[in-house]
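Enquirer: If it helps, the file is called input-v8.pdb and holds PDB, C-alpha atoms:
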ATOM      1  CA  MET A   1    -145.688 -75.487 -26.565
ATOM      2  CA  ARG A   2    -148.698 -73.184 -26.762
ATOM      3  CA  LEU A   3    -151.078 -73.440 -29.729
ATOM      4  CA  VAL A   4    -153.597 -70.688 -30.407
ATOM      5  CA  VAL A   5    -156.095 -70.779 -33.268
ATOM      6  CA  ALA A   6    -157.275 -67.223 -33.763
ATOM      7  CA  ARG A   7    -158.648 -64.744 -36.236
ATOM      8  CA  CYS A   8    -155.795 -62.263 -36.371
ATOM      9  CA  GLN A   9    -153.854 -59.627 -38.262
ATOM     10  CA  VAL A  10    -150.044 -59.734 -38.274
ATOM     11  CA  ASP A  11    -147.580 -56.925 -38.972
ATOM     12  CA  TYR A  12    -143.805 -57.373 -39.026
ATOM     13  CA  ALA A  13    -141.332 -54.483 -38.826
ATOM     14  CA  GLY A  14    -137.561 -54.907 -39.058
ATOM     15  CA  ARG A  15    -135.141 -55.129 -41.979
ATOM     16  CA  LEU A  16    -138.315 -55.113 -44.075
ATOM     17  CA  THR A  17    -142.049 -54.817 -43.389
ATOM     18  CA  ALA A  18    -144.761 -57.405 -43.997
ATOM     19  CA  HIS A  19    -148.507 -57.438 -43.458
ATOM     20  CA  LEU A  20    -150.955 -60.325 -43.102
ATOM     21  CA  PRO A  21    -154.594 -59.154 -43.220
ATOM     22  CA  MET A  22    -157.220 -60.442 -40.806
ATOM     23  CA  ALA A  23    -157.778 -64.197 -41.188
ATOM     24  CA  THR A  24    -157.902 -67.369 -39.085
ATOM     25  CA  ARG A  25    -154.429 -68.742 -38.394
ATOM     26  CA  VAL A  26    -152.453 -70.923 -35.987
ATOM     27  CA  LEU A  27    -150.093 -69.121 -33.599
ATOM     28  CA  MET A  28    -147.356 -71.338 -32.194
ATOM     29  CA  ILE A  29    -145.237 -70.343 -29.182
ATOM     30  CA  LYS A  30    -142.468 -72.904 -28.711
ATOM     31  CA  ALA A  31    -140.493 -73.679 -25.577
ATOM     32  CA  ASP A  32    -137.297 -72.373 -27.202
ATOM     33  CA  GLY A  33    -138.904 -68.915 -27.322
ATOM     34  CA  SER A  34    -139.765 -68.781 -31.013
ATOM     35  CA  VAL A  35    -143.151 -67.531 -32.240
ATOM     36  CA  LEU A  36    -144.573 -68.788 -35.551
ATOM     37  CA  VAL A  37    -147.670 -67.875 -37.566
ATOM     38  CA  HIS A  38    -149.136 -70.642 -39.753
ATOM     39  CA  SER A  39    -151.974 -70.818 -42.252
ATOM     40  CA  ASP A  40    -153.947 -73.915 -43.257
ATOM     41  CA  GLY A  41    -152.446 -74.185 -46.732
ATOM     42  CA  GLY A  42    -149.718 -73.213 -49.133
ATOM     43  CA  SER A  43    -146.716 -74.614 -47.316
ATOM     44  CA  TYR A  44    -145.423 -76.328 -44.193
ATOM     45  CA  LYS A  45    -143.395 -73.167 -43.503
ATOM     46  CA  PRO A  46    -144.780 -70.364 -41.327
ATOM     47  CA  LEU A  47    -146.165 -67.225 -42.955
ATOM     48  CA  ASN A  48    -144.135 -65.193 -40.480
ATOM     49  CA  TRP A  49    -142.078 -65.923 -37.402
ATOM     50  CA  MET A  50    -139.659 -64.604 -34.815
ATOM     51  CA  SER A  51    -136.598 -66.676 -33.972
ATOM     52  CA  PRO A  52    -135.356 -67.002 -30.380
ATOM     53  CA  PRO A  53    -134.384 -65.229 -28.262
ATOM     54  CA  CYS A  54    -137.427 -62.981 -28.308
ATOM     55  CA  THR A  55    -139.970 -61.649 -25.834
ATOM     56  CA  LEU A  56    -143.750 -61.929 -26.072
ATOM     57  CA  ARG A  57    -145.917 -59.298 -24.386
ATOM     58  CA  GLU A  58    -149.684 -59.777 -24.272
ATOM     59  CA  GLY A  59    -151.856 -56.691 -23.890
ATOM     60  CA  THR A  60    -154.864 -54.872 -25.256
ATOM     61  CA  THR A  61    -155.355 -51.987 -27.646
ATOM     62  CA  ASP A  62    -157.205 -48.783 -26.719
ATOM     63  CA  ASP A  63    -160.458 -50.289 -27.995
ATOM     64  CA  GLY A  64    -159.999 -53.454 -25.912
ATOM     65  CA  ALA A  65    -158.757 -55.851 -28.625
ATOM     66  CA  LEU A  66    -156.177 -58.471 -27.650
ATOM     67  CA  GLU A  67    -152.692 -57.680 -28.973
ATOM     68  CA  TRP A  68    -149.408 -59.583 -28.859
ATOM     69  CA  THR A  69    -146.127 -57.783 -29.367
ATOM     70  CA  VAL A  70    -143.113 -60.006 -30.077
ATOM     71  CA  THR A  71    -139.697 -58.317 -29.967
ATOM     72  CA  SER A  72    -136.374 -59.824 -31.054
ATOM     73  CA  LYS A  73    -132.920 -59.070 -29.664
ATOM     74  CA  THR A  74    -132.389 -56.785 -32.688
ATOM     75  CA  ASP A  75    -135.643 -54.906 -31.911
ATOM     76  CA  ASP A  76    -137.535 -56.347 -34.873
ATOM     77  CA  THR A  77    -141.216 -56.562 -33.928
ATOM     78  CA  LEU A  78    -144.112 -58.848 -34.769
ATOM     79  CA  ARG A  79    -147.457 -57.274 -33.841
ATOM     80  CA  ILE A  80    -150.385 -59.703 -33.744
ATOM     81  CA  LEU A  81    -153.835 -58.168 -33.390
ATOM     82  CA  ILE A  82    -156.325 -60.857 -32.324
ATOM     83  CA  GLU A  83    -160.010 -60.416 -33.157
ATOM     84  CA  GLU A  84    -161.222 -63.808 -31.926
ATOM     85  CA  VAL A  85    -159.623 -66.788 -30.139
ATOM     86  CA  VAL A  86    -161.003 -70.123 -31.351
ATOM     87  CA  HIS A  87    -158.656 -72.384 -29.394
ATOM     88  CA  ASP A  88    -155.864 -71.894 -26.836
ATOM     89  CA  SER A  89    -153.948 -74.806 -25.324
ATOM     90  CA  SER A  90    -150.494 -75.602 -23.912
ATOM     91  CA  HIS A  91    -148.663 -78.912 -24.204
ATOM     92  CA  ASP A  92    -145.459 -80.301 -22.688
ATOM     93  CA  LEU A  93    -143.780 -82.235 -25.509
ATOM     94  CA  GLY A  94    -140.852 -83.409 -23.377
ATOM     95  CA  VAL A  95    -137.315 -83.895 -24.633
ATOM     96  CA  ASP A  96    -137.081 -84.632 -28.342
ATOM     97  CA  PRO A  97    -134.622 -87.430 -29.265
ATOM     98  CA  GLY A  98    -133.571 -85.523 -32.389
ATOM     99  CA  LEU A  99    -133.744 -86.248 -36.085
ATOM    100  CA  ARG A 100    -132.563 -89.675 -37.180
ATOM    101  CA  LYS A 101    -130.715 -89.172 -40.421
ATOM    102  CA  ASP A 102    -131.022 -91.577 -43.331
ATOM    103  CA  GLY A 103    -128.097 -93.748 -44.365
ATOM    104  CA  VAL A 104    -126.626 -91.390 -46.959
ATOM    105  CA  GLU A 105    -126.856 -88.264 -44.777
ATOM    106  CA  LYS A 106    -125.435 -90.094 -41.770
ATOM    107  CA  HIS A 107    -122.547 -91.483 -43.818
ATOM    108  CA  LEU A 108    -121.950 -88.040 -45.307
ATOM    109  CA  GLN A 109    -121.570 -86.649 -41.796
ATOM    110  CA  GLU A 110    -119.105 -89.414 -40.893
ATOM    111  CA  LEU A 111    -117.023 -88.779 -44.009
ATOM    112  CA  LEU A 112    -116.941 -85.003 -43.520
ATOM    113  CA  ALA A 113    -115.993 -85.479 -39.876
ATOM    114  CA  GLU A 114    -112.950 -87.433 -41.083
ATOM    115  CA  HIS A 115    -112.150 -84.958 -43.874
ATOM    116  CA  PRO A 116    -113.381 -81.476 -42.768
ATOM    117  CA  ALA A 117    -110.736 -79.718 -44.892
ATOM    118  CA  THR A 118    -112.754 -80.712 -47.994
ATOM    119  CA  LEU A 119    -115.278 -78.066 -46.876
ATOM    120  CA  ALA A 120    -112.737 -75.278 -46.312
ATOM    121  CA  GLU A 121    -108.952 -75.188 -46.260
ATOM    122  CA  GLY A 122    -107.511 -75.491 -42.763
ATOM    123  CA  LEU A 123    -110.761 -76.694 -41.182
ATOM    124  CA  THR A 124    -110.336 -79.242 -38.345
ATOM    125  CA  LEU A 125    -112.950 -81.185 -36.410
ATOM    126  CA  VAL A 126    -113.712 -80.317 -32.789
ATOM    127  CA  ARG A 127    -116.749 -82.559 -32.250
ATOM    128  CA  ARG A 128    -119.574 -84.325 -34.045
ATOM    129  CA  GLU A 129    -123.161 -83.741 -32.848
ATOM    130  CA  PHE A 130    -122.191 -80.643 -30.847
ATOM    131  CA  PRO A 131    -125.047 -80.109 -28.342
ATOM    132  CA  THR A 132    -127.212 -76.974 -28.155
ATOM    133  CA  ALA A 133    -130.483 -76.255 -26.371
ATOM    134  CA  ILE A 134    -132.433 -76.796 -29.616
ATOM    135  CA  GLY A 135    -130.594 -79.842 -30.942
ATOM    136  CA  PRO A 136    -127.123 -80.957 -31.999
ATOM    137  CA  VAL A 137    -125.009 -79.226 -34.637
ATOM    138  CA  ASP A 138    -123.734 -81.858 -37.093
ATOM    139  CA  LEU A 139    -120.086 -80.778 -36.913
ATOM    140  CA  MET A 140    -118.323 -78.201 -34.787
ATOM    141  CA  CYS A 141    -115.006 -77.298 -36.381
ATOM    142  CA  ARG A 142    -112.195 -74.779 -36.066
ATOM    143  CA  ASP A 143    -110.638 -72.870 -38.951
ATOM    144  CA  ALA A 144    -106.971 -72.015 -39.487
ATOM    145  CA  ALA A 145    -107.380 -68.783 -37.466
ATOM    146  CA  GLY A 146    -108.817 -70.665 -34.495
ATOM    147  CA  SER A 147    -112.413 -69.468 -34.988
ATOM    148  CA  SER A 148    -115.344 -71.838 -34.447
ATOM    149  CA  VAL A 149    -117.293 -73.035 -37.478
ATOM    150  CA  ALA A 150    -120.669 -74.829 -37.270
ATOM    151  CA  VAL A 151    -121.477 -77.200 -40.139
ATOM    152  CA  GLU A 152    -125.000 -78.355 -40.974
ATOM    153  CA  ILE A 153    -125.131 -81.327 -43.360
ATOM    154  CA  LYS A 154    -128.032 -82.136 -45.689
ATOM    155  CA  ARG A 155    -128.465 -84.327 -48.743
ATOM    156  CA  ARG A 156    -130.297 -81.405 -50.360
ATOM    157  CA  GLY A 157    -129.693 -77.878 -49.118
ATOM    158  CA  GLU A 158    -132.969 -75.967 -48.924
ATOM    159  CA  ILE A 159    -134.266 -72.913 -47.071
ATOM    160  CA  ASP A 160    -135.235 -74.921 -43.984
ATOM    161  CA  GLY A 161    -131.593 -76.041 -43.641
ATOM    162  CA  VAL A 162    -130.473 -72.396 -43.704
ATOM    163  CA  GLU A 163    -133.087 -71.531 -41.078
ATOM    164  CA  GLN A 164    -131.968 -74.421 -38.893
ATOM    165  CA  LEU A 165    -128.315 -73.380 -39.061
ATOM    166  CA  THR A 166    -129.301 -69.737 -38.398
ATOM    167  CA  ARG A 167    -130.992 -70.784 -35.148
ATOM    168  CA  TYR A 168    -127.912 -72.766 -34.105
ATOM    169  CA  LEU A 169    -125.614 -69.813 -34.829
ATOM    170  CA  GLU A 170    -127.787 -67.455 -32.778
ATOM    171  CA  LEU A 171    -127.310 -69.726 -29.761
ATOM    172  CA  LEU A 172    -123.645 -70.576 -30.349
ATOM    173  CA  ASN A 173    -122.663 -66.921 -30.677
ATOM    174  CA  ARG A 174    -123.859 -66.338 -27.113
ATOM    175  CA  ASP A 175    -121.166 -68.700 -25.790
ATOM    176  CA  PRO A 176    -118.014 -66.718 -24.879
ATOM    177  CA  LEU A 177    -115.858 -69.844 -25.116
ATOM    178  CA  LEU A 178    -116.853 -70.364 -28.753
ATOM    179  CA  THR A 179    -116.501 -66.687 -29.686
ATOM    180  CA  ALA A 180    -113.100 -66.112 -28.061
ATOM    181  CA  ASN A 181    -111.503 -65.886 -31.529
ATOM    182  CA  GLY A 182    -114.401 -64.183 -33.270
ATOM    183  CA  ALA A 183    -118.008 -64.960 -34.157
ATOM    184  CA  VAL A 184    -119.022 -68.545 -34.913
ATOM    185  CA  ARG A 185    -119.406 -68.951 -38.682
ATOM    186  CA  GLY A 186    -121.704 -71.376 -40.442
ATOM    187  CA  ILE A 187    -121.322 -73.715 -43.407
ATOM    188  CA  LEU A 188    -124.269 -75.447 -45.080
ATOM    189  CA  ALA A 189    -122.904 -78.619 -46.703
ATOM    190  CA  ALA A 190    -125.023 -80.640 -49.124
ATOM    191  CA  GLN A 191    -124.852 -82.694 -52.286
ATOM    192  CA  GLU A 192    -127.122 -80.113 -53.911
ATOM    193  CA  ILE A 193    -128.013 -76.585 -52.760
ATOM    194  CA  LYS A 194    -131.155 -74.923 -54.104
ATOM    195  CA  PRO A 195    -130.677 -71.392 -55.532
ATOM    196  CA  GLN A 196    -133.133 -69.854 -53.053
ATOM    197  CA  ALA A 197    -131.271 -71.462 -50.143
ATOM    198  CA  ARG A 198    -127.941 -70.173 -51.454
ATOM    199  CA  VAL A 199    -129.317 -66.615 -51.709
ATOM    200  CA  LEU A 200    -130.681 -66.736 -48.140
ATOM    201  CA  ALA A 201    -127.466 -68.271 -46.799
ATOM    202  CA  THR A 202    -125.352 -65.582 -48.469
ATOM    203  CA  ASP A 203    -127.603 -62.873 -47.021
ATOM    204  CA  ARG A 204    -127.046 -64.313 -43.538
ATOM    205  CA  GLY A 205    -123.286 -64.734 -43.913
ATOM    206  CA  ILE A 206    -123.480 -68.536 -44.139
ATOM    207  CA  ALA A 207    -121.119 -70.294 -46.542
ATOM    208  CA  CYS A 208    -122.378 -73.027 -48.882
ATOM    209  CA  ALA A 209    -120.357 -76.128 -49.755
ATOM    210  CA  VAL A 210    -121.493 -78.606 -52.411
ATOM    211  CA  VAL A 211    -120.231 -82.046 -51.455
ATOM    212  CA  ASP A 212    -119.372 -84.806 -53.922
ATOM    213  CA  TYR A 213    -120.486 -87.891 -51.997
ATOM    214  CA  ASP A 214    -118.833 -90.351 -54.386
ATOM    215  CA  ALA A 215    -115.531 -88.477 -54.243
ATOM    216  CA  LEU A 216    -115.631 -88.489 -50.449
ATOM    217  CA  ARG A 217    -116.288 -92.218 -50.460
ATOM    218  CA  GLY A 218    -113.289 -92.573 -52.751
ATOM    219  CA  ILE A 219    -111.081 -90.815 -50.189
ATOM    220  CA  ASP A 220    -112.360 -93.264 -47.599
ATOM    221  CA  ASP A 221    -112.215 -96.345 -49.849
ATOM    222  CA  SER A 222    -111.433 -99.290 -47.566
ATOM    223  CA  GLU A 223    -109.813-101.189 -50.476
ATOM    224  CA  HIS A 224    -106.911 -98.699 -50.405
ATOM    225  CA  ARG A 225    -106.303 -98.883 -46.667
ATOM    226  CA  LEU A 226    -103.308-100.676 -45.192
ATOM    227  CA  PHE A 227    -105.316-101.546 -42.099
TER     228      PHE A 227
END
Spit out the file's structure as structure tokens when you get a sec.
Expert:
Amino acid sequence: MRLVVARCQVDYAGRLTAHLPMATRVLMIKADGSVLVHSDGGSYKPLNWMSPPCTLREGTTDDGALEWTVTSKTDDTLRILIEEVVHDSSHDLGVDPGLRKDGVEKHLQELLAEHPATLAEGLTLVRREFPTAIGPVDLMCRDAAGSSVAVEIKRRGEIDGVEQLTRYLELLNRDPLLTANGAVRGILAAQEIKPQARVLATDRGIACAVVDYDALRGIDDSEHRLF
């Protein structure tokens, strides 16, 4: 991971345009290829970013100023004009062991793995913790038509969950084995889904499923098992 603290101006051009005037910010270039622009307040989320895969080209403007141009696979661009570099360092973080889910979220994943059809009719489980280069997908399933469906499970569905599933889908849809019967679809499953997350998910073609944890536990009630 490369961390650069710099006084910079950022302009994004793609499905929409966005401008960040000159100010001191943190520029993060991650090993997965993503580029993120952070400020020192307001939120833990980046002010702007480019998801992988993308390319970063470093150059200079006609007047000698340092300029980064980040281009996505869809030709969206993030232009970062750097006036002053305060700090520039690179760090090898190694292999991350992944997020350890709390008891409820972990149990929710187990229950949905046993009963995937509660998320969508005809859905069957292929594998739990399906591996990708940026972490495991909670559930990889297959729908009635044979298409792959990636399921991300949260206790509370928020925008960061949509972003996480979006990154997974970008990688999964590059695998010809998974896309043999069409593009890999995504489902965000949670006990509660915030309105903003639902709007973003809908915009990105991701389905939302509100899960009744108590009802799922009732399906799996050990008191009603024969064995």
Enquirer: Using only C-alpha atoms, determine which residues lie at most 10 Å from segment 123-137 of chain A, disregarding the query and same-chain residues fewer than 4 positions distant; provide the list as a PyMOL selection string.
Expert: chain A and resi 31-32+95-99+109-110+112-119+141-153+164-165+167-169+171-172
Enquirer: Axis-aligned box over every listed atom of segment 73-88 of chain A, padded by 4 Å per side: centre and edges in Å to one decimal, as JSON?
Expert:
{"center_x": -146.8, "center_y": -63.6, "center_z": -30.9, "size_x": 36.8, "size_y": 25.5, "size_z": 16.0}
Enquirer: Can you turn the PyMOL selection byres ((chain A and resi 88) around 7) into a concrete residue list for this file, as a VMD selection string?
Expert: chain A and resid 3 to 5 87 89
Enquirer: For segment 83-189 of chain A against segment 44-68 of chain A, with a cut-off of 10 Å and counting only C-alpha atoms, what is the closest atom pair and its distance in Å to one decimal for every residue that makes the cut, ordered by chain and number, as JSON lines?
Expert:
{"residue": "A:Glu83", "atom": "CA", "partner": "A:Ala65", "partner_atom": "CA", "distance": 6.6}
{"residue": "A:Glu84", "atom": "CA", "partner": "A:Leu66", "partner_atom": "CA", "distance": 8.5}
{"residue": "A:Val85", "atom": "CA", "partner": "A:Leu66", "partner_atom": "CA", "distance": 9.3}
{"residue": "A:Ile159", "atom": "CA", "partner": "A:Lys45", "partner_atom": "CA", "distance": 9.8}
{"residue": "A:Asp160", "atom": "CA", "partner": "A:Lys45", "partner_atom": "CA", "distance": 8.4}
{"residue": "A:Glu163", "atom": "CA", "partner": "A:Ser51", "partner_atom": "CA", "distance": 9.3}
{"residue": "A:Thr166", "atom": "CA", "partner": "A:Ser51", "partner_atom": "CA", "distance": 9.1}
{"residue": "A:Arg167", "atom": "CA", "partner": "A:Ser51", "partner_atom": "CA", "distance": 7.0}
{"residue": "A:Glu170", "atom": "CA", "partner": "A:Pro52", "partner_atom": "CA", "distance": 8.0}
{"residue": "A:Leu171", "atom": "CA", "partner": "A:Pro53", "partner_atom": "CA", "distance": 8.5}
Enquirer: Enter the distance from atom CA of His107 of chain A to atom CA of Gln191 of chain A, in Å, rounded to one decimal.
Expert: 12.4 Å
